[in-house]
Amino acid sequence: MRISTSVFTLIAGVVLGFSASIAHAQARLEGRLLVASEVLEELRETRDQAIPDRLLERAYGIAVIPATTKLAFFAGGRYGHGALVVRQPDGRFSDPVFITLAGGSFGWQWGVQQSDIVLVFTTQRGVEGINGGKMTLGADASVAAGPVGRNASAATDPSFKAEVYSYSRSKGLFAGIALDGTVLRIDDDANAEFYKKAGIRSQEIISGAVTTANSSAQRFLAAVSTSTGMQRTASAGNNLVVTGPMPEAATTAAPAPAPAPAAAVQSFPLADPQPGTEPKTK
């Protein structure tokens, strides 16, 4: 009888410990998304030190890696966990895909520093590069320190052929950062834990085959939408509404035309024939 009781107690302890471990992992991932949301929200409120609006509005993907730790003693390293969202063909952003960032550096250096890193992907190829599991910035996708300033033009890069623009915020200062050689990886374990599906692939999340209603993920998506000039509005079909300046014709007293059927709406063509080039003015 004592043996049976001991075995039952042991099994119960293992089950409770496993459940607590799962709950802790879920809370940790939710916290990661909430901090990433705060990074975007705070950057959006910074007038002089921010990612240019035009760069965000045309982004194919955005990755936020908060509290990235840089440790250096002669040789250095950078490591962090974050989340990536990818724009879908209809203009909406996918649910977050968890990623890790790691990189090394050499030279005379020492100390420990934490910074928030934001990556803006400007081409579809750059985004697809990480979908295979990992991507090295500067090798698999060209990377450049991004221009800073709400109204700054990404054309400050003379060639503007970078597929990824990188930013860093440390001690309140926000600036472009060079991340050549840094590796981005899909965090398969984190994705499996958060979406509660073993063996989940990043493409399933990006394509919308796997989704979540988790509040932390929704807040992160809301922060991304606001940063990129998009707003989610409630509607019967939960469609994405992209708001912008009203055309001059719409300011007259004439009644607004009836909305076009959903199937006829063309949103976010995404393809930019001359990425980074400012539109010509007449």
# chains A, B, ... in the order shown; residues from 1 in each chain; ligands from 1
$ residues_around --residues "Ser168 of chain A" --least-positions-apart "6" --cutoff "9 Å" --atoms "only C-alpha atoms" --output "VMD selection string"
chain A and resid 115 to 119 174 to 177
$ residues_around --residues "segment 35-44 of chain A" --least-positions-apart "6" --cutoff "8 Å" --atoms "only C-alpha atoms" --output "JSON, numbers by chain"
{"A": [50, 51, 64, 65, 66, 82, 83, 116, 219, 220, 223, 224, 227]}
$ write_last_selection --atoms "N, CA and C atoms" --output "compact mmCIF listing (two decimals), in the first residue's frame"
# COMPACT_ATOMS: atom_id res chain seq x y z
N ALA A 50 13.75 57.66 -34.91
CA ALA A 50 12.80 56.61 -35.27
C ALA A 50 13.11 56.08 -36.65
N ILE A 51 12.59 54.89 -36.93
CA ILE A 51 12.73 54.32 -38.26
C ILE A 51 11.88 55.15 -39.22
N VAL A 64 11.85 42.02 -34.21
CA VAL A 64 12.22 42.77 -33.00
C VAL A 64 12.88 41.80 -32.03
N ILE A 65 14.10 42.13 -31.64
CA ILE A 65 14.85 41.29 -30.69
C ILE A 65 15.19 42.18 -29.49
N PRO A 66 14.33 42.20 -28.48
CA PRO A 66 14.57 43.08 -27.33
C PRO A 66 15.63 42.52 -26.39
N GLY A 82 13.79 36.92 -30.09
CA GLY A 82 12.79 37.90 -30.54
C GLY A 82 11.71 37.26 -31.38
N ALA A 83 11.03 38.10 -32.14
CA ALA A 83 9.92 37.62 -32.97
C ALA A 83 9.94 38.33 -34.31
N ASP A 116 18.07 46.87 -27.69
CA ASP A 116 16.92 46.40 -28.46
C ASP A 116 17.26 46.51 -29.94
N ARG A 219 -1.26 41.99 -29.36
CA ARG A 219 -0.70 43.30 -29.05
C ARG A 219 0.53 43.58 -29.91
N PHE A 220 1.34 42.56 -30.12
CA PHE A 220 2.53 42.74 -30.97
C PHE A 220 2.11 43.08 -32.39
N ALA A 223 1.01 46.63 -32.55
CA ALA A 223 2.15 47.55 -32.55
C ALA A 223 2.81 47.61 -33.93
N VAL A 224 2.90 46.46 -34.60
CA VAL A 224 3.46 46.42 -35.95
C VAL A 224 2.57 47.19 -36.91
N SER A 227 2.93 50.88 -36.41
CA SER A 227 4.23 51.36 -36.87
C SER A 227 4.31 51.42 -38.39
$ select_by_dssp --residues "segment 17-212 of chain A" --states "strand (DSSP E)" --output "JSON, numbers by chain"
{"A": [61, 62, 63, 64, 65, 66, 67, 68, 69, 70, 71, 72, 73, 75, 76, 77, 78, 79, 80, 81, 82, 83, 84, 85, 86, 97, 98, 99, 100, 101, 102, 103, 104, 105, 110, 111, 112, 113, 114, 115, 116, 117, 118, 119, 120, 121, 134, 135, 136, 143, 144, 145, 164, 165, 166, 167, 168, 169, 170, 173, 174, 175, 176, 183, 184, 185, 186]}
$ select_by_dssp --residues "segment 85-232 of chain A" --states "alpha helix (DSSP H)" --output "PyMOL selection string"
chain A and resi 124-130+188-195+202-206+215-227
